[in-house]
file upload.cif (mmCIF, C-alpha atoms)
data_coords
#
loop_
_atom_site.group_PDB
_atom_site.id
_atom_site.type_symbol
_atom_site.label_atom_id
_atom_site.label_comp_id
_atom_site.auth_asym_id
_atom_site.auth_seq_id
_atom_site.Cartn_x
_atom_site.Cartn_y
_atom_site.Cartn_z
ATOM 1 C CA TYR T 1 127.132 88.930 94.269
ATOM 2 C CA SER T 2 126.703 88.800 98.048
ATOM 3 C CA LEU T 3 127.266 92.558 98.318
ATOM 4 C CA PHE T 4 124.750 93.155 95.521
ATOM 5 C CA ASN T 5 122.107 91.009 97.292
ATOM 6 C CA THR T 6 122.718 92.809 100.575
ATOM 7 C CA GLY T 7 122.220 96.127 98.791
ATOM 8 C CA ILE T 8 118.973 94.944 97.200
ATOM 9 C CA ASP T 9 117.693 93.644 100.587
ATOM 10 C CA THR T 10 118.516 96.946 102.254
ATOM 11 C CA TYR T 11 116.805 98.870 99.466
ATOM 12 C CA GLN T 12 113.652 96.728 99.675
ATOM 13 C CA THR T 13 113.477 97.080 103.465
ATOM 14 C CA GLY T 14 113.934 100.838 103.031
ATOM 15 C CA ILE T 15 110.992 100.959 100.624
ATOM 16 C CA THR T 16 108.801 99.091 103.136
ATOM 17 C CA ASN T 17 109.957 101.428 105.935
ATOM 18 C CA ALA T 18 109.150 104.473 103.812
ATOM 19 C CA ASP T 19 105.712 103.059 102.965
ATOM 20 C CA ILE T 20 104.885 102.414 106.629
ATOM 21 C CA ASP T 21 106.230 105.852 107.646
ATOM 22 C CA ARG T 22 104.093 107.541 104.989
ATOM 23 C CA ARG T 23 100.980 105.572 105.930
ATOM 24 C CA THR T 24 101.274 106.248 109.674
ATOM 25 C CA ALA T 25 102.016 109.948 109.204
ATOM 26 C CA HIS T 26 99.117 110.431 106.783
ATOM 27 C CA ALA T 27 96.635 108.506 108.949
ATOM 28 C CA LEU T 28 97.629 110.256 112.158
ATOM 29 C CA GLU T 29 97.472 113.700 110.537
ATOM 30 C CA SER T 30 94.060 112.947 109.045
ATOM 31 C CA ILE T 31 92.627 111.762 112.370
ATOM 32 C CA ALA T 32 94.169 114.691 114.265
ATOM 33 C CA ASP T 33 92.641 117.137 111.762
ATOM 34 C CA ASP T 34 89.195 115.637 112.370
ATOM 35 C CA LEU T 35 89.637 115.933 116.132
ATOM 36 C CA ALA T 36 90.965 119.498 115.917
ATOM 37 C CA LEU T 37 87.785 120.602 114.118
ATOM 38 C CA SER T 38 85.634 119.056 116.816
ATOM 39 C CA GLY T 39 84.749 120.026 120.374
ATOM 40 C CA LEU T 40 84.829 118.411 123.792
ATOM 41 C CA ASP T 41 81.057 118.042 123.976
ATOM 42 C CA VAL T 42 80.721 116.269 120.610
ATOM 43 C CA VAL T 43 83.356 113.507 120.802
ATOM 44 C CA TYR T 44 82.241 110.157 122.230
ATOM 45 C CA PRO T 45 83.263 108.176 124.128
ATOM 46 C CA ALA T 46 85.806 110.223 126.063
ATOM 47 C CA PRO T 47 87.976 107.552 127.681
ATOM 48 C CA THR T 48 89.933 108.941 130.588
ATOM 49 C CA PHE T 49 93.557 107.895 130.907
ATOM 50 C CA PRO T 50 94.576 105.094 131.657
ATOM 51 C CA THR T 51 91.758 103.594 129.572
ATOM 52 C CA ALA T 52 91.592 103.870 125.798
ATOM 53 C CA THR T 53 89.152 103.170 122.989
ATOM 54 C CA SER T 54 89.588 102.169 119.354
ATOM 55 C CA LYS T 55 86.402 103.893 118.158
ATOM 56 C CA ILE T 56 85.163 107.460 118.439
ATOM 57 C CA SER T 57 82.285 109.484 117.093
ATOM 58 C CA LEU T 58 82.815 113.191 116.576
ATOM 59 C CA GLN T 59 81.149 116.171 114.968
ATOM 60 C CA LYS T 60 83.017 118.909 113.131
ATOM 61 C CA ASN T 61 82.460 122.626 113.491
ATOM 62 C CA THR T 62 80.731 123.752 110.283
ATOM 63 C CA GLY T 63 80.410 127.425 111.221
ATOM 64 C CA TYR T 64 78.600 129.786 113.548
ATOM 65 C CA VAL T 65 75.174 131.316 113.855
ATOM 66 C CA GLY T 66 75.927 134.373 115.924
ATOM 67 C CA THR T 67 78.139 132.970 118.666
ATOM 68 C CA THR T 68 76.680 129.454 118.572
ATOM 69 C CA VAL T 69 78.759 126.689 116.997
ATOM 70 C CA GLN T 70 76.983 124.639 114.358
ATOM 71 C CA TRP T 71 78.029 120.995 114.468
ATOM 72 C CA GLY T 72 77.898 118.766 111.406
ATOM 73 C CA PRO T 73 76.680 115.183 111.253
ATOM 74 C CA PRO T 74 78.670 112.503 113.078
ATOM 75 C CA THR T 75 81.940 111.129 111.782
ATOM 76 C CA LEU T 76 83.053 107.740 113.066
ATOM 77 C CA ILE T 77 86.723 106.747 113.235
ATOM 78 C CA PHE T 78 87.554 103.215 114.305
ATOM 79 C CA PHE T 79 89.674 100.084 114.055
ATOM 80 C CA ARG T 80 88.178 97.218 112.067
ATOM 81 C CA TYR T 81 89.703 93.844 111.293
ATOM 82 C CA ALA T 82 90.704 93.560 107.643
ATOM 83 C CA PRO T 83 87.932 91.928 105.599
ATOM 84 C CA ASP T 84 90.360 89.243 104.397
ATOM 85 C CA ASP T 85 91.860 88.597 107.869
ATOM 86 C CA PRO T 86 89.143 88.239 110.535
ATOM 87 C CA ASN T 87 89.853 88.057 114.267
ATOM 88 C CA ASP T 88 90.635 84.344 114.552
ATOM 89 C CA GLY T 89 94.344 84.132 115.435
ATOM 90 C CA LYS T 90 95.307 83.092 111.891
ATOM 91 C CA ASP T 91 96.969 84.734 108.904
ATOM 92 C CA ASN T 92 93.972 84.311 106.602
ATOM 93 C CA ASN T 93 95.239 86.515 103.781
ATOM 94 C CA GLY T 94 98.764 85.042 103.657
ATOM 95 C CA ASN T 95 100.654 88.313 104.149
ATOM 96 C CA GLY T 96 102.528 87.108 107.244
ATOM 97 C CA LEU T 97 100.432 89.141 109.691
ATOM 98 C CA VAL T 98 97.800 87.782 112.057
ATOM 99 C CA ASP T 99 94.482 89.582 112.605
ATOM 100 C CA GLU T 100 95.602 92.920 111.195
ATOM 101 C CA GLY T 101 93.093 95.660 110.683
ATOM 102 C CA GLU T 102 92.433 99.014 109.162
ATOM 103 C CA VAL T 103 91.413 102.478 110.279
ATOM 104 C CA VAL T 104 87.989 103.353 108.911
ATOM 105 C CA ARG T 105 86.269 106.747 108.720
ATOM 106 C CA ILE T 106 82.536 107.052 108.126
ATOM 107 C CA ILE T 107 81.539 110.603 107.247
ATOM 108 C CA ASN T 108 77.913 111.691 107.742
ATOM 109 C CA ALA T 109 77.281 108.546 109.781
ATOM 110 C CA GLY T 110 73.637 107.576 109.949
ATOM 111 C CA THR T 111 72.544 109.856 107.118
ATOM 112 C CA ALA T 112 71.608 109.198 103.505
ATOM 113 C CA ASP T 113 74.962 110.771 102.516
ATOM 114 C CA GLU T 114 77.027 108.359 104.639
ATOM 115 C CA ARG T 115 80.463 107.662 103.106
ATOM 116 C CA GLU T 116 83.023 105.124 104.292
ATOM 117 C CA THR T 117 86.737 105.333 103.560
ATOM 118 C CA VAL T 118 89.684 103.293 104.707
ATOM 119 C CA VAL T 119 92.247 105.711 106.153
ATOM 120 C CA THR T 120 95.013 103.102 106.317
ATOM 121 C CA ARG T 121 95.625 99.379 106.344
ATOM 122 C CA PHE T 122 98.210 97.178 108.103
ATOM 123 C CA VAL T 123 97.058 98.248 111.595
ATOM 124 C CA ARG T 124 98.291 95.949 114.358
ATOM 125 C CA GLU T 125 95.646 94.369 116.540
ATOM 126 C CA TYR T 126 97.435 95.797 119.610
ATOM 127 C CA LEU T 127 99.763 98.776 119.922
ATOM 128 C CA GLU T 128 103.441 97.948 119.527
ATOM 129 C CA GLY T 129 104.725 96.131 122.587
ATOM 130 C CA GLU T 130 101.262 95.201 123.888
ATOM 131 C CA ILE T 131 99.851 91.728 124.305
ATOM 132 C CA PRO T 132 96.372 90.961 125.657
ATOM 133 C CA ASN T 133 97.255 90.097 129.252
ATOM 134 C CA GLY T 134 95.687 92.821 131.430
ATOM 135 C CA LYS T 135 99.043 94.611 131.860
ATOM 136 C CA ASP T 136 100.805 97.685 130.510
ATOM 137 C CA ASP T 137 103.446 95.840 128.482
ATOM 138 C CA ASN T 138 104.841 98.813 126.547
ATOM 139 C CA GLY T 139 105.074 101.220 129.483
ATOM 140 C CA ASN T 140 102.798 103.987 128.177
ATOM 141 C CA GLY T 141 100.343 103.761 131.078
ATOM 142 C CA LEU T 142 97.566 102.059 129.085
ATOM 143 C CA VAL T 143 96.566 98.409 129.401
ATOM 144 C CA ASP T 144 96.052 96.148 126.370
ATOM 145 C CA GLU T 145 95.409 99.105 124.088
ATOM 146 C CA PRO T 146 94.483 98.393 120.469
ATOM 147 C CA GLY T 147 96.603 99.296 117.433
ATOM 148 C CA LEU T 148 94.508 102.441 117.003
ATOM 149 C CA CYS T 149 93.629 104.014 120.302
ATOM 150 C CA PHE T 150 92.302 107.244 121.717
ATOM 151 C CA ASP T 151 92.519 108.489 125.304
ATOM 152 C CA THR T 152 92.028 111.813 127.059
ATOM 153 C CA ILE T 153 93.499 113.783 129.895
ATOM 154 C CA GLY T 154 91.392 116.895 130.438
ATOM 155 C CA THR T 155 90.914 118.668 127.104
ATOM 156 C CA VAL T 156 93.805 116.867 125.405
ATOM 157 C CA TRP T 157 93.181 113.799 123.276
ATOM 158 C CA THR T 158 96.037 111.434 122.457
ATOM 159 C CA VAL T 159 95.876 109.323 119.314
ATOM 160 C CA ARG T 160 98.210 106.332 118.984
ATOM 161 C CA LEU T 161 98.642 104.114 115.934
ATOM 162 C CA THR T 162 100.823 101.091 115.131
ATOM 163 C CA LEU T 163 101.217 99.764 111.604
ATOM 164 C CA GLU T 164 103.229 96.738 110.570
ATOM 165 C CA LYS T 165 104.085 95.158 107.267
ATOM 166 C CA ARG T 166 106.487 92.515 106.013
ATOM 167 C CA ASP T 167 109.160 93.435 103.484
ATOM 168 C CA THR T 168 109.938 91.251 100.470
ATOM 169 C CA LYS T 169 112.222 89.046 102.602
ATOM 170 C CA GLY T 170 109.515 88.520 105.219
ATOM 171 C CA ARG T 171 111.070 90.813 107.826
ATOM 172 C CA LEU T 172 108.554 92.651 109.974
ATOM 173 C CA VAL T 173 108.632 96.441 109.784
ATOM 174 C CA THR T 174 106.693 98.182 112.562
ATOM 175 C CA GLN T 175 105.975 101.877 113.067
ATOM 176 C CA THR T 176 104.200 103.449 116.041
ATOM 177 C CA VAL T 177 103.224 107.117 116.135
ATOM 178 C CA GLN T 178 101.226 109.284 118.456
ATOM 179 C CA THR T 179 100.041 112.838 118.659
ATOM 180 C CA ALA T 180 98.100 114.978 121.069
ATOM 181 C CA VAL T 181 95.244 117.272 120.059
ATOM 182 C CA LYS T 182 93.674 119.906 122.289
ATOM 183 C CA LEU T 183 89.970 120.285 121.574
#
call {"tool": "encode", "arguments": {"input": "upload.cif", "output": "structure tokens"}}
result
Amino acid sequence: YSLFNTGIDTYQTGITNADIDRRTAHALESIADDLALSGLDVVYPAPTFPTATSKISLQKNTGYVGTTVQWGPPTLIFFRYAPDDPNDGKDNNGNGLVDEGEVVRIINAGTADERETVVTRFVREYLEGEIPNGKDDNGNGLVDEPGLCFDTIGTVWTVRLTLEKRDTKGRLVTQTVQTAVKL
């Protein structure tokens, strides 16, 4: 019986790990695709390393008129606290996580065709290993960076994302990913 329970626990943790892996990979790929279709002059703000931001506005290349790039309406990508777990230091939604958020994308921001989608949920308030203390706790060169963060060095943007979720036994499963995109 003990061996059976251990097997079930391992299986359930594996399912949670796979879910978090899938979510982080999908979200990071989606954000990187948006950035790759954009240009240096149409992504704001452009935080220079070692500072980072959790919100950007970008415009995608929609084609050319002659040799001039035509930029589409703004797209916003940002961290937002989960509607059922506001930023108050408590686990308001009872899922074992405090002040978690989500990555939100607003396409055609500020237009009549504006559309909002949630790219992923279970976003940590701060990147894995970070605590809000004015220091670089996780050793990546950034200070107190949020669970979704963007920074730049020259023409290269780095996107970092940490998701966390509890498995059925209450164990915390955390996944951090990052990618670099040259605009």
call {"tool": "resolve_selection", "arguments": {"input": "upload.cif", "expression": "the PyMOL selection byres ((chain T and resi 171-176) around 10)", "output": "ChimeraX atom specification"}}
result
/T:13-14,16-17,19-21,23-25,96-97,122-124,127-129,147-148,160-170,177-178
call {"tool": "atom_distance", "arguments": {"input": "upload.cif", "atom1": "atom CA of Glu130 of chain T", "atom2": "atom CA of Leu35 of chain T"}}
result
25.0 Å
call {"tool": "resolve_selection", "arguments": {"input": "upload.cif", "expression": "the PyMOL selection byres ((chain T and resi 34) around 12)", "output": "number ranges by chain"}}
result
T: 27-33, 35-39, 42-43, 56-62, 72, 74-77, 105-107, 157, 159, 181-183
call {"tool": "residues_around", "arguments": {"input": "upload.cif", "residues": "Leu142 of chain T", "least_positions_apart": "4", "cutoff": "8 Å", "atoms": "all atoms listed in the file", "output": "PDB file with C-alpha atoms, in the coordinates of the input"}}
result
ATOM      1  CA  PHE T  49      93.557 107.895 130.907  1.00  0.00           C
ATOM      2  CA  PRO T  50      94.576 105.094 131.657  1.00  0.00           C
ATOM      3  CA  THR T  51      91.758 103.594 129.572  1.00  0.00           C
ATOM      4  CA  ALA T  52      91.592 103.870 125.798  1.00  0.00           C
ATOM      5  CA  ASP T 136     100.805  97.685 130.510  1.00  0.00           C
TER       6      ASP T 136
END
call {"tool": "atom_distance", "arguments": {"input": "upload.cif", "atom1": "atom CA of Val104 of chain T", "atom2": "atom CA of Ala82 of chain T"}}
result
10.2 Å
call {"tool": "closest_residue", "arguments": {"input": "upload.cif", "among": "T:Asp99, T:Asp41, T:Glu145, T:Asp151", "to": "Arg121 of chain T", "atoms": "only C-alpha atoms"}}
result
T:Asp99
call {"tool": "atom_distance", "arguments": {"input": "upload.cif", "atom1": "atom CA of Phe150 of chain T", "atom2": "atom CA of Tyr126 of chain T"}}
result
12.7 Å
call {"tool": "closest_residue", "arguments": {"input": "upload.cif", "among": "T:Glu125, T:Thr117, T:Phe79, T:Leu40", "to": "Val98 of chain T", "atoms": "only C-alpha atoms"}}
result
T:Glu125
call {"tool": "axis_aligned_box", "arguments": {"input": "upload.cif", "around": "segment 129-144 of chain T", "padding_each_side": "6 Å", "output": "JSON"}}
result
{"center_x": 100.4, "center_y": 97.0, "center_z": 127.2, "size_x": 21.4, "size_y": 25.9, "size_z": 21.3}
call {"tool": "closest_residue", "arguments": {"input": "upload.cif", "among": "T:Asp85, T:Arg22, T:Thr48, T:Arg115", "to": "Gly154 of chain T", "atoms": "only C-alpha atoms"}}
result
T:Thr48
